[in-house]
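So this block is input34.txt, compact mmCIF, C-alpha atoms and all ligand atoms:
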```txt
# COMPACT_ATOMS: atom_id res chain seq x y z
CA MET A 182 82.25 98.50 83.45
CA PRO A 183 83.28 99.56 86.96
CA THR A 184 86.77 99.34 88.34
CA LEU A 185 87.51 98.22 91.90
CA VAL A 186 90.13 100.46 93.50
CA THR A 187 91.79 98.91 96.55
CA GLY A 188 93.35 101.44 98.93
CA GLY A 189 91.29 104.23 97.36
CA ALA A 190 91.19 106.14 100.67
CA GLY A 191 94.98 106.52 100.65
CA TYR A 192 97.28 109.16 99.22
CA ILE A 193 97.74 108.06 95.60
CA GLY A 194 94.56 105.98 95.42
CA SER A 195 92.28 108.90 96.38
CA ALA A 196 93.77 111.18 93.69
CA THR A 197 93.42 108.40 91.12
CA VAL A 198 89.77 107.82 92.06
CA ASP A 199 89.06 111.54 91.50
CA LEU A 200 90.65 111.42 88.05
CA LEU A 201 88.72 108.29 87.04
CA VAL A 202 85.48 109.94 88.19
CA GLU A 203 86.39 113.05 86.16
CA HIS A 204 86.75 110.78 83.11
CA GLY A 205 83.28 109.32 83.76
CA GLU A 206 84.73 105.98 84.81
CA PRO A 207 82.55 104.08 87.32
CA VAL A 208 84.61 103.25 90.40
CA VAL A 209 84.13 101.35 93.66
CA VAL A 210 86.60 101.64 96.55
CA ILE A 211 87.60 99.06 99.13
CA ASP A 212 89.84 100.20 101.98
CA ASN A 213 90.25 98.84 105.50
CA MET A 214 91.06 102.38 106.69
CA SER A 215 94.25 101.23 108.41
CA GLU A 216 95.98 104.21 106.76
CA GLY A 217 93.12 105.68 104.76
CA HIS A 218 90.92 108.73 105.37
CA PHE A 219 87.15 108.86 104.95
CA ASP A 220 87.42 112.48 103.79
CA ALA A 221 89.83 111.47 101.02
CA VAL A 222 87.28 109.34 99.21
CA ASN A 223 85.36 111.00 96.40
CA PRO A 224 81.76 111.29 97.68
CA GLU A 225 80.36 110.04 94.35
CA VAL A 226 82.03 106.69 94.83
CA PRO A 227 80.79 103.72 96.92
CA LEU A 228 83.27 102.95 99.72
CA TYR A 229 83.43 99.50 101.29
CA GLU A 230 85.29 99.43 104.57
CA GLY A 231 87.03 96.08 104.70
CA SER A 232 90.09 94.11 103.81
CA ILE A 233 91.20 92.96 100.38
CA GLY A 234 91.76 89.54 101.95
CA ASP A 235 88.05 89.21 102.81
CA GLY A 236 87.04 86.96 99.92
CA ALA A 237 83.31 87.05 100.70
CA LEU A 238 83.29 90.85 100.75
CA VAL A 239 85.35 91.24 97.57
CA ARG A 240 83.23 88.63 95.77
CA SER A 241 80.00 90.41 96.78
CA ILE A 242 81.37 93.79 95.58
CA VAL A 243 82.46 92.32 92.23
CA GLU A 244 79.09 90.65 91.70
CA LYS A 245 76.97 93.57 92.89
CA HIS A 246 78.78 96.18 90.77
CA GLY A 247 79.80 94.04 87.78
CA ILE A 248 83.50 94.86 88.28
CA ASP A 249 85.78 93.98 85.34
CA ALA A 250 89.10 95.53 86.41
CA CYS A 251 91.01 96.29 89.59
CA ILE A 252 93.54 98.97 90.46
CA HIS A 253 95.38 97.57 93.45
CA PHE A 254 96.97 100.22 95.71
CA ALA A 255 96.21 98.66 99.12
CA ALA A 256 99.38 97.85 101.03
CA HIS A 257 101.52 98.83 103.97
CA THR A 258 104.06 101.27 102.58
CA ASN A 259 106.71 102.18 105.14
CA VAL A 260 110.14 100.76 104.28
CA GLY A 261 111.57 101.22 107.80
CA ASP A 262 108.57 99.58 109.52
CA SER A 263 108.86 96.63 107.16
CA VAL A 264 112.39 95.95 108.45
CA VAL A 265 111.15 95.93 112.05
CA GLU A 266 107.90 94.05 111.36
CA PRO A 267 108.42 91.91 108.25
CA GLY A 268 105.66 89.49 109.29
CA ARG A 269 103.04 92.22 109.28
CA TYR A 270 104.25 93.49 105.90
CA TYR A 271 104.33 90.09 104.21
CA ALA A 272 100.94 89.15 105.71
CA ASN A 273 99.28 92.28 104.37
CA ASN A 274 101.06 92.97 101.09
CA VAL A 275 101.71 89.39 99.96
CA GLY A 276 99.17 87.30 101.94
CA GLU A 277 96.17 89.59 101.57
CA GLY A 278 97.33 90.46 98.07
CA LEU A 279 97.24 86.77 97.13
CA PHE A 280 93.72 86.35 98.60
CA LEU A 281 92.65 89.34 96.51
CA LEU A 282 94.13 87.86 93.33
CA ASN A 283 92.43 84.52 94.03
CA THR A 284 89.05 86.17 94.54
CA LEU A 285 89.43 88.34 91.45
CA THR A 286 90.37 85.28 89.39
CA ALA A 287 87.47 83.23 90.77
CA THR A 288 85.03 86.02 89.90
CA GLY A 289 86.45 86.55 86.40
CA VAL A 290 88.22 89.90 87.01
CA LYS A 291 91.32 89.53 84.87
CA GLN A 292 92.59 93.07 84.32
CA ILE A 293 94.76 94.43 87.12
CA VAL A 294 96.82 97.58 87.55
CA PHE A 295 99.26 97.08 90.41
CA SER A 296 101.16 99.66 92.50
CA SER A 297 104.73 98.47 92.48
CA THR A 298 107.80 100.48 93.34
CA CYS A 299 111.37 101.34 92.48
CA ALA A 300 112.17 99.67 95.83
CA THR A 301 111.99 96.35 93.92
CA TYR A 302 115.25 97.35 92.19
CA GLY A 303 117.32 97.93 95.32
CA GLU A 304 120.77 99.46 95.06
CA PRO A 305 121.22 100.83 91.52
CA VAL A 306 123.84 99.28 89.28
CA ARG A 307 123.11 101.86 86.58
CA VAL A 308 121.11 105.11 86.45
CA PRO A 309 118.67 106.18 85.25
CA MET A 310 117.02 102.83 85.98
CA ASP A 311 114.94 101.18 83.27
CA GLU A 312 112.57 98.24 83.71
CA ASP A 313 115.29 95.72 82.86
CA HIS A 314 117.43 96.89 85.77
CA PRO A 315 118.17 93.88 88.07
CA GLN A 316 115.76 93.53 90.98
CA HIS A 317 117.40 93.01 94.39
CA PRO A 318 115.10 94.63 96.97
CA GLN A 319 116.77 95.92 100.13
CA SER A 320 113.77 95.67 102.49
CA PRO A 321 110.81 93.38 103.26
CA TYR A 322 108.60 96.12 101.77
CA GLY A 323 110.51 95.94 98.47
CA TRP A 324 110.41 92.13 98.53
CA SER A 325 106.67 92.14 99.25
CA LYS A 326 106.08 94.15 96.06
CA PHE A 327 108.54 91.97 94.15
CA PHE A 328 106.61 88.82 95.20
CA VAL A 329 103.27 90.27 94.08
CA GLU A 330 104.88 91.10 90.72
CA ARG A 331 105.91 87.41 90.39
CA MET A 332 102.40 86.25 91.41
CA LEU A 333 100.90 88.46 88.72
CA GLU A 334 103.22 86.91 86.12
CA ASP A 335 102.15 83.41 87.23
CA PHE A 336 98.45 84.36 87.19
CA ASN A 337 98.99 85.77 83.71
CA ARG A 338 100.47 82.47 82.49
CA ALA A 339 97.99 80.18 84.27
CA TYR A 340 94.69 82.09 84.18
CA GLY A 341 95.14 84.70 81.47
CA THR A 342 95.00 87.59 83.99
CA ARG A 343 96.47 90.65 82.23
CA PHE A 344 98.23 93.21 84.39
CA VAL A 345 100.16 96.45 84.32
CA GLY A 346 102.70 96.74 87.12
CA LEU A 347 103.56 100.41 87.71
CA ARG A 348 106.86 100.94 89.49
CA TYR A 349 106.57 104.41 91.00
CA PHE A 350 109.59 106.34 92.14
CA ASN A 351 108.86 108.91 94.92
CA ALA A 352 105.22 109.98 94.91
CA ALA A 353 104.89 113.66 95.82
CA GLY A 354 102.69 116.75 95.65
CA ALA A 355 98.96 117.24 96.03
CA THR A 356 95.90 117.90 93.95
CA GLU A 357 93.47 120.60 95.03
CA LEU A 358 91.57 118.10 97.18
CA ARG A 359 93.97 115.27 97.99
CA GLY A 360 97.29 115.41 99.78
CA GLU A 361 99.69 113.40 101.85
CA ASP A 362 98.61 112.49 105.37
CA HIS A 363 100.48 109.45 106.69
CA LYS A 364 100.68 108.97 110.46
CA PRO A 365 103.48 108.96 111.33
CA GLU A 366 104.77 110.86 108.29
CA THR A 367 108.10 109.65 106.96
CA HIS A 368 108.25 111.22 103.50
CA LEU A 369 110.64 114.08 102.90
CA ILE A 370 108.42 116.74 101.32
CA PRO A 371 105.64 116.75 103.96
CA LEU A 372 108.27 116.63 106.73
CA VAL A 373 110.09 119.62 105.25
CA LEU A 374 106.79 121.49 104.98
CA PHE A 375 105.96 120.64 108.60
CA VAL A 376 109.13 122.57 109.55
CA ALA A 377 107.98 125.48 107.40
CA LEU A 378 104.60 125.33 109.16
CA GLY A 379 106.27 125.36 112.58
CA LYS A 380 105.04 121.85 113.39
CA ARG A 381 108.62 120.53 113.61
CA GLY A 382 111.81 122.27 114.66
CA THR A 383 114.25 120.92 112.08
CA ILE A 384 114.48 118.55 109.14
CA ASN A 385 116.98 115.72 109.45
CA VAL A 386 119.25 115.13 106.47
CA PHE A 387 120.58 111.58 106.66
CA GLY A 388 124.07 111.81 105.20
CA ASP A 389 125.76 114.68 103.35
CA ASP A 390 128.75 112.67 102.15
CA TYR A 391 127.23 110.60 99.34
CA GLY A 392 128.89 110.74 95.93
CA THR A 393 126.21 113.13 94.61
CA HIS A 394 126.74 116.75 93.53
CA ASP A 395 125.93 118.16 96.99
CA GLY A 396 126.50 115.04 99.08
CA SER A 397 122.81 114.34 99.91
CA CYS A 398 120.68 111.53 98.41
CA VAL A 399 118.98 112.10 95.07
CA ARG A 400 115.42 110.93 94.31
CA ASP A 401 112.95 111.21 91.44
CA TYR A 402 109.75 112.95 92.68
CA VAL A 403 106.71 112.18 90.58
CA HIS A 404 103.50 114.14 91.17
CA ILE A 405 100.38 112.22 92.25
CA ALA A 406 98.34 113.89 89.49
CA ASP A 407 100.79 112.36 87.00
CA LEU A 408 100.60 109.00 88.78
CA ALA A 409 96.79 109.17 88.62
CA ALA A 410 97.00 109.86 84.88
CA ALA A 411 99.27 106.84 84.43
CA HIS A 412 96.66 104.59 86.08
CA TRP A 413 94.01 105.96 83.78
CA ARG A 414 96.27 105.20 80.78
CA ALA A 415 97.10 101.72 82.10
CA LEU A 416 93.42 100.88 82.48
CA GLY A 417 92.75 102.00 78.91
CA TYR A 418 95.73 99.95 77.71
CA LEU A 419 94.39 96.78 79.37
CA ARG A 420 90.86 97.39 78.09
CA LYS A 421 92.25 97.61 74.54
CA GLY A 422 93.86 94.18 75.02
CA GLY A 423 97.38 95.37 75.95
CA LYS A 424 99.74 92.65 77.13
CA SER A 425 100.99 92.33 80.68
CA ASP A 426 104.01 94.47 81.42
CA PHE A 427 105.90 96.60 83.94
CA PHE A 428 106.48 100.35 83.62
CA ASN A 429 108.54 102.83 85.59
CA LEU A 430 106.82 106.05 86.60
CA GLY A 431 109.15 108.93 87.29
CA THR A 432 110.20 112.25 85.82
CA GLY A 433 113.69 111.15 84.81
CA ARG A 434 115.02 114.08 86.87
CA GLY A 435 116.74 113.77 90.19
CA GLN A 436 116.52 116.19 93.13
CA SER A 437 118.81 115.99 96.12
CA VAL A 438 117.45 116.24 99.65
CA LEU A 439 119.17 119.62 100.03
CA GLU A 440 117.62 120.86 96.77
CA VAL A 441 114.17 119.82 97.96
CA ILE A 442 114.70 121.76 101.19
CA GLU A 443 115.91 124.83 99.26
CA ALA A 444 112.89 124.62 96.92
CA ALA A 445 110.58 124.39 99.96
CA ARG A 446 112.20 127.54 101.42
CA LYS A 447 111.51 129.39 98.17
CA VAL A 448 107.92 128.15 97.84
CA SER A 449 106.94 128.78 101.48
CA GLY A 450 109.05 131.88 102.06
CA ARG A 451 109.86 130.43 105.50
CA GLU A 452 113.03 129.42 107.24
CA ILE A 453 113.66 125.66 107.30
CA ARG A 454 116.34 124.51 109.75
CA VAL A 455 118.42 121.49 108.80
CA LYS A 456 120.18 118.95 111.02
CA VAL A 457 122.67 116.65 109.34
CA GLU A 458 122.58 113.11 110.76
CA ALA A 459 124.49 109.92 109.99
CA ARG A 460 123.55 107.96 106.88
CA ARG A 461 120.66 105.50 107.30
CA PRO A 462 121.48 101.91 106.41
CA GLY A 463 119.90 100.85 103.13
CA ASP A 464 119.47 104.35 101.63
CA ALA A 465 120.64 104.32 98.00
CA SER A 466 122.51 107.44 96.95
CA TYR A 467 120.80 108.07 93.61
CA LEU A 468 117.45 106.72 92.35
CA VAL A 469 116.17 108.18 89.11
CA ALA A 470 113.77 106.59 86.63
CA ASN A 471 114.07 105.98 82.97
CA ALA A 472 110.34 106.15 82.20
CA GLU A 473 110.57 106.12 78.39
CA LYS A 474 108.71 102.82 78.14
CA ALA A 475 105.59 104.31 79.79
CA GLU A 476 105.81 107.23 77.37
CA THR A 477 106.13 104.97 74.30
CA ILE A 478 103.60 102.27 75.20
CA LEU A 479 101.12 103.96 77.58
CA ASP A 480 101.42 107.41 75.99
CA TRP A 481 102.13 108.79 79.48
CA LYS A 482 104.26 111.83 80.10
CA PRO A 483 104.62 113.55 83.48
CA ARG A 484 103.49 117.19 83.44
CA TYR A 485 105.11 118.20 86.73
CA LEU A 486 108.82 118.38 85.98
CA GLU A 487 109.86 121.27 88.23
CA ILE A 488 110.25 120.36 91.90
CA GLU A 489 109.05 123.85 92.94
CA GLU A 490 105.69 123.23 91.25
CA THR A 491 105.29 119.87 92.98
CA ILE A 492 106.24 121.33 96.35
CA GLU A 493 103.96 124.31 95.81
CA SER A 494 100.98 121.99 95.28
CA ALA A 495 101.83 120.17 98.52
CA TRP A 496 102.37 123.46 100.38
CA LYS A 497 98.90 124.71 99.39
CA TRP A 498 97.35 121.45 100.57
CA HIS A 499 99.15 121.53 103.93
CA LEU A 500 98.22 125.19 104.47
CA ALA A 501 94.59 124.25 103.88
CA HIS A 502 94.88 121.06 106.02
CA PRO A 503 97.47 121.83 108.74
CA ASP A 504 96.40 118.76 110.72
CA GLY A 505 95.72 116.55 107.72
CA TYR A 506 92.27 115.16 106.94
CA ALA A 507 89.63 115.63 109.62
CA ARG A 508 88.38 112.02 109.32
N1 LIG B 1 103.98 106.88 98.27
C1 LIG B 1 104.98 106.49 97.50
O1 LIG B 1 105.99 107.22 97.29
C2 LIG B 1 104.94 105.15 96.78
C3 LIG B 1 106.01 104.79 95.96
C4 LIG B 1 105.97 103.55 95.31
C5 LIG B 1 104.87 102.71 95.48
N2 LIG B 1 103.85 103.07 96.31
C6 LIG B 1 102.71 102.16 96.46
O2 LIG B 1 101.51 102.84 96.10
C7 LIG B 1 100.42 102.35 96.88
C8 LIG B 1 99.72 103.52 97.53
O3 LIG B 1 100.65 104.22 98.36
P1 LIG B 1 100.19 105.48 99.24
O4 LIG B 1 101.39 106.30 99.48
O5 LIG B 1 98.96 106.07 98.64
O6 LIG B 1 99.85 104.72 100.61
P2 LIG B 1 98.64 104.95 101.62
O7 LIG B 1 99.02 104.28 102.90
O8 LIG B 1 98.26 106.38 101.68
O9 LIG B 1 97.45 104.14 100.93
C9 LIG B 1 97.30 102.74 101.06
C10 LIG B 1 95.85 102.47 101.40
O10 LIG B 1 95.64 101.05 101.46
C11 LIG B 1 94.81 100.76 102.58
N3 LIG B 1 95.08 99.36 102.95
C12 LIG B 1 96.26 98.83 103.40
N4 LIG B 1 96.12 97.50 103.59
C13 LIG B 1 94.86 97.18 103.24
C14 LIG B 1 94.11 95.96 103.20
N5 LIG B 1 94.64 94.80 103.58
N6 LIG B 1 92.81 95.99 102.77
C15 LIG B 1 92.25 97.17 102.39
N7 LIG B 1 92.91 98.35 102.41
C16 LIG B 1 94.19 98.35 102.83
C17 LIG B 1 95.19 101.78 103.63
O11 LIG B 1 94.16 101.99 104.59
C18 LIG B 1 95.44 103.03 102.76
O12 LIG B 1 94.26 103.79 102.62
C19 LIG B 1 101.00 101.35 97.86
O13 LIG B 1 100.82 100.05 97.35
C20 LIG B 1 102.48 101.70 97.88
O14 LIG B 1 103.26 100.57 98.20
C21 LIG B 1 103.85 104.27 96.96
```
Step by step, read the file and then write its structure as structure tokens.
Ligand SMILES: NC(=O)c1ccc[n+]([C@@H]2O[C@H](COP(=O)([O-])OP(=O)(O)OC[C@H]3O[C@@H](n4cnc5c(N)ncnc54)[C@H](O)[C@@H]3O)[C@@H](O)[C@H]2O)c1
Amino acid sequence: MPTLVTGGAGYIGSATVDLLVEHGEPVVVIDNMSEGHFDAVNPEVPLYEGSIGDGALVRSIVEKHGIDACIHFAAHTNVGDSVVEPGRYYANNVGEGLFLLNTLTATGVKQIVFSSTCATYGEPVRVPMDEDHPQHPQSPYGWSKFFVERMLEDFNRAYGTRFVGLRYFNAAGATELRGEDHKPETHLIPLVLFVALGKRGTINVFGDDYGTHDGSCVRDYVHIADLAAAHWRALGYLRKGGKSDFFNLGTGRGQSVLEVIEAARKVSGREIRVKVEARRPGDASYLVANAEKAETILDWKPRYLEIEETIESAWKWHLAHPDGYAR
């Protein structure tokens, strides 16, 4: 039966839709296009332009297509914006998310794969971080994802809704067709590549005095093709009756900001100028996943382990789409 993908016109959602289509999985997308791109949506897939909080629309899609599962990507995703505009973030991610869960429950859709994040953990007390790591989000964005996780647990208990909550670390890279095009862009790899492309003068490095091997922050970059594969696995797990659970998605390897920049120099063959700035408040020094649980239970293993490979995929996409998607 078909799966409803919310936010399927976005970065990770669009790559996941392609993979599901490749596997012969019927898919329907809903996206309000606040951040999405029409050209990112697989042309074989029906796209409904509207909000996940529009109960009448979601109900009509579920009934028309006989939806039995939902992969829920739709959300605002910028940590910094969420600090400045918490109301907008809670309204969209928690408020609209709750309306979506209510409509799905009322229409009998009780299998949900949810995009959560390592931002629900906050400052690490141990690394690599496993799923039992304490959760103390440092931003309204992180809290908004944390609250949806708790709602899913309550819906599980009360209504028998089964879910897989996937806590991604840093999504990165591109497939042949889908890449990263956020406006404004805030993620490191596209920003570094914009310098290589001559679209920006320098890349800012926020802090070079952290207690890491080269002083810059370390993150775990997981390729969107691997994230897409994890959603496919999670859907299969739920369809086989798997119990509700949370899984980290990361490579288990950490790359520092300076290493990412060096890798981008190698991949692009271009000069990338760096400007060291003061630390940003709230940036953790070292965030790396322990993703063994996803490997054991979902049979998921990331294939992109080398940062050069991930950056190379992004570089190809940006060369082919220097201004992002046309629509
Ligand atoms: N990019 C990352 O590194 C990362 C890391 C951890 C978790 N996540 C989560 O993964 C999901 C996808 O992230 P992304 O980077 O692809 O973001 P994105 O902004 O590219 O995609 C999100 C999509 O959701 C849509 N959307 C937002 N609010 C909506 C609403 N109310 N109704 C309908 N559509 C709506 C947007 O138009 C957009 O197309 C998000 O939930 C994000 O929080 C992303």
Next item on the list: Please check which residues have atoms at most 12 Å from (107.8, 117.9, 98.7) in the file's coordinates, counting only C-alpha atoms, and write them as a PyMOL selection string.
Entry: chain A and resi 351-355+360-361+367-377+400-405+436-446+448-449+487-499
Same residues, C-alpha atoms, output as a JSON list (two decimals), in the frame of the given file:
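Result saved to out-v4.json:
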```
[["chain", "number", "residue", "atom", "x", "y", "z"],
["A", 351, "ASN", "CA", 108.86, 108.91, 94.92],
["A", 352, "ALA", "CA", 105.22, 109.98, 94.91],
["A", 353, "ALA", "CA", 104.89, 113.66, 95.82],
["A", 354, "GLY", "CA", 102.69, 116.75, 95.65],
["A", 355, "ALA", "CA", 98.96, 117.24, 96.03],
["A", 360, "GLY", "CA", 97.29, 115.41, 99.78],
["A", 361, "GLU", "CA", 99.69, 113.40, 101.85],
["A", 367, "THR", "CA", 108.10, 109.65, 106.96],
["A", 368, "HIS", "CA", 108.25, 111.22, 103.50],
["A", 369, "LEU", "CA", 110.64, 114.08, 102.90],
["A", 370, "ILE", "CA", 108.42, 116.74, 101.32],
["A", 371, "PRO", "CA", 105.64, 116.75, 103.96],
["A", 372, "LEU", "CA", 108.27, 116.63, 106.73],
["A", 373, "VAL", "CA", 110.09, 119.62, 105.25],
["A", 374, "LEU", "CA", 106.79, 121.49, 104.98],
["A", 375, "PHE", "CA", 105.96, 120.64, 108.60],
["A", 376, "VAL", "CA", 109.13, 122.57, 109.55],
["A", 377, "ALA", "CA", 107.98, 125.48, 107.40],
["A", 400, "ARG", "CA", 115.42, 110.93, 94.31],
["A", 401, "ASP", "CA", 112.95, 111.21, 91.44],
["A", 402, "TYR", "CA", 109.75, 112.95, 92.68],
["A", 403, "VAL", "CA", 106.71, 112.18, 90.58],
["A", 404, "HIS", "CA", 103.50, 114.14, 91.17],
["A", 405, "ILE", "CA", 100.38, 112.22, 92.25],
["A", 436, "GLN", "CA", 116.52, 116.19, 93.13],
["A", 437, "SER", "CA", 118.81, 115.99, 96.12],
["A", 438, "VAL", "CA", 117.45, 116.24, 99.65],
["A", 439, "LEU", "CA", 119.17, 119.62, 100.03],
["A", 440, "GLU", "CA", 117.62, 120.86, 96.77],
["A", 441, "VAL", "CA", 114.17, 119.82, 97.96],
["A", 442, "ILE", "CA", 114.70, 121.76, 101.19],
["A", 443, "GLU", "CA", 115.91, 124.83, 99.26],
["A", 444, "ALA", "CA", 112.89, 124.62, 96.92],
["A", 445, "ALA", "CA", 110.58, 124.39, 99.96],
["A", 446, "ARG", "CA", 112.20, 127.54, 101.42],
["A", 448, "VAL", "CA", 107.92, 128.15, 97.84],
["A", 449, "SER", "CA", 106.94, 128.78, 101.48],
["A", 487, "GLU", "CA", 109.86, 121.27, 88.23],
["A", 488, "ILE", "CA", 110.25, 120.36, 91.90],
["A", 489, "GLU", "CA", 109.05, 123.85, 92.94],
["A", 490, "GLU", "CA", 105.69, 123.23, 91.25],
["A", 491, "THR", "CA", 105.29, 119.87, 92.98],
["A", 492, "ILE", "CA", 106.24, 121.33, 96.35],
["A", 493, "GLU", "CA", 103.96, 124.31, 95.81],
["A", 494, "SER", "CA", 100.98, 121.99, 95.28],
["A", 495, "ALA", "CA", 101.83, 120.17, 98.52],
["A", 496, "TRP", "CA", 102.37, 123.46, 100.38],
["A", 497, "LYS", "CA", 98.90, 124.71, 99.39],
["A", 498, "TRP", "CA", 97.35, 121.45, 100.57],
["A", 499, "HIS", "CA", 99.15, 121.53, 103.93]]
```
Neighbours of ligand LIG 1 (chain B) at 8 Å or closer, counting all atoms listed in the file: which residues, as a short mmCIF file (atom, residue, chain, number, x, y, z; two decimals) with C-alpha atoms, keeping the file's coordinate frame?
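What landed in selection-v9.cif:
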```cif
data_model
loop_
_atom_site.label_atom_id
_atom_site.label_comp_id
_atom_site.auth_asym_id
_atom_site.auth_seq_id
_atom_site.Cartn_x
_atom_site.Cartn_y
_atom_site.Cartn_z
CA THR A 187 91.79 98.91 96.55
CA GLY A 188 93.35 101.44 98.93
CA GLY A 189 91.29 104.23 97.36
CA ALA A 190 91.19 106.14 100.67
CA GLY A 191 94.98 106.52 100.65
CA TYR A 192 97.28 109.16 99.22
CA ILE A 193 97.74 108.06 95.60
CA GLY A 194 94.56 105.98 95.42
CA SER A 195 92.28 108.90 96.38
CA ILE A 211 87.60 99.06 99.13
CA ASP A 212 89.84 100.20 101.98
CA ASN A 213 90.25 98.84 105.50
CA MET A 214 91.06 102.38 106.69
CA SER A 215 94.25 101.23 108.41
CA GLU A 216 95.98 104.21 106.76
CA GLY A 217 93.12 105.68 104.76
CA HIS A 218 90.92 108.73 105.37
CA GLU A 230 85.29 99.43 104.57
CA GLY A 231 87.03 96.08 104.70
CA SER A 232 90.09 94.11 103.81
CA ILE A 233 91.20 92.96 100.38
CA GLY A 234 91.76 89.54 101.95
CA HIS A 253 95.38 97.57 93.45
CA PHE A 254 96.97 100.22 95.71
CA ALA A 255 96.21 98.66 99.12
CA ALA A 256 99.38 97.85 101.03
CA HIS A 257 101.52 98.83 103.97
CA THR A 258 104.06 101.27 102.58
CA ASN A 259 106.71 102.18 105.14
CA ASN A 273 99.28 92.28 104.37
CA ASN A 274 101.06 92.97 101.09
CA GLU A 277 96.17 89.59 101.57
CA GLY A 278 97.33 90.46 98.07
CA PHE A 295 99.26 97.08 90.41
CA SER A 296 101.16 99.66 92.50
CA SER A 297 104.73 98.47 92.48
CA THR A 298 107.80 100.48 93.34
CA CYS A 299 111.37 101.34 92.48
CA ALA A 300 112.17 99.67 95.83
CA TYR A 322 108.60 96.12 101.77
CA LYS A 326 106.08 94.15 96.06
CA ARG A 348 106.86 100.94 89.49
CA TYR A 349 106.57 104.41 91.00
CA PHE A 350 109.59 106.34 92.14
CA ASN A 351 108.86 108.91 94.92
CA ALA A 352 105.22 109.98 94.91
CA ALA A 353 104.89 113.66 95.82
CA GLU A 361 99.69 113.40 101.85
CA ASP A 362 98.61 112.49 105.37
CA HIS A 363 100.48 109.45 106.69
CA HIS A 368 108.25 111.22 103.50
#
```
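CA of Asp504 (chain A) to CA of Ile453 (chain A) spans 18.9 Å [interatomic distance, one decimal].
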Next item on the list: Rounded to one decimal place, report the CA of Pro309 (chain A)-CA of Val469 (chain A) distance in Å.
Entry: 5.0 Å
Next item on the list: Find the distance between CA of Ala196 (chain A) and CA of Asn223 (chain A) and write it in Å to one decimal.
Entry: 8.8 Å
Next item on the list: Please provide as a list in words all residues within 9 Å of region 279-281 of chain A, with the sequence filter that same-chain residues fewer than 3 positions apart are discarded (counting all atoms listed in the file).
Entry: Ile233, Gly234, Asp235, Gly236, Val239, Asn274, Val275, Gly276, Thr284, Leu285, Thr286, Val329 and Met332 of chain A
Note to self: Please determine, counting only C-alpha atoms, which residue among A:Gly205, A:Gly450, A:Pro321, A:Gly268 has the shortest atom-to-atom distance to Leu378 (chain A).
What the structure shows: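 Looking at the shortest contact to Leu378 (chain A), the residue is A:Gly450.
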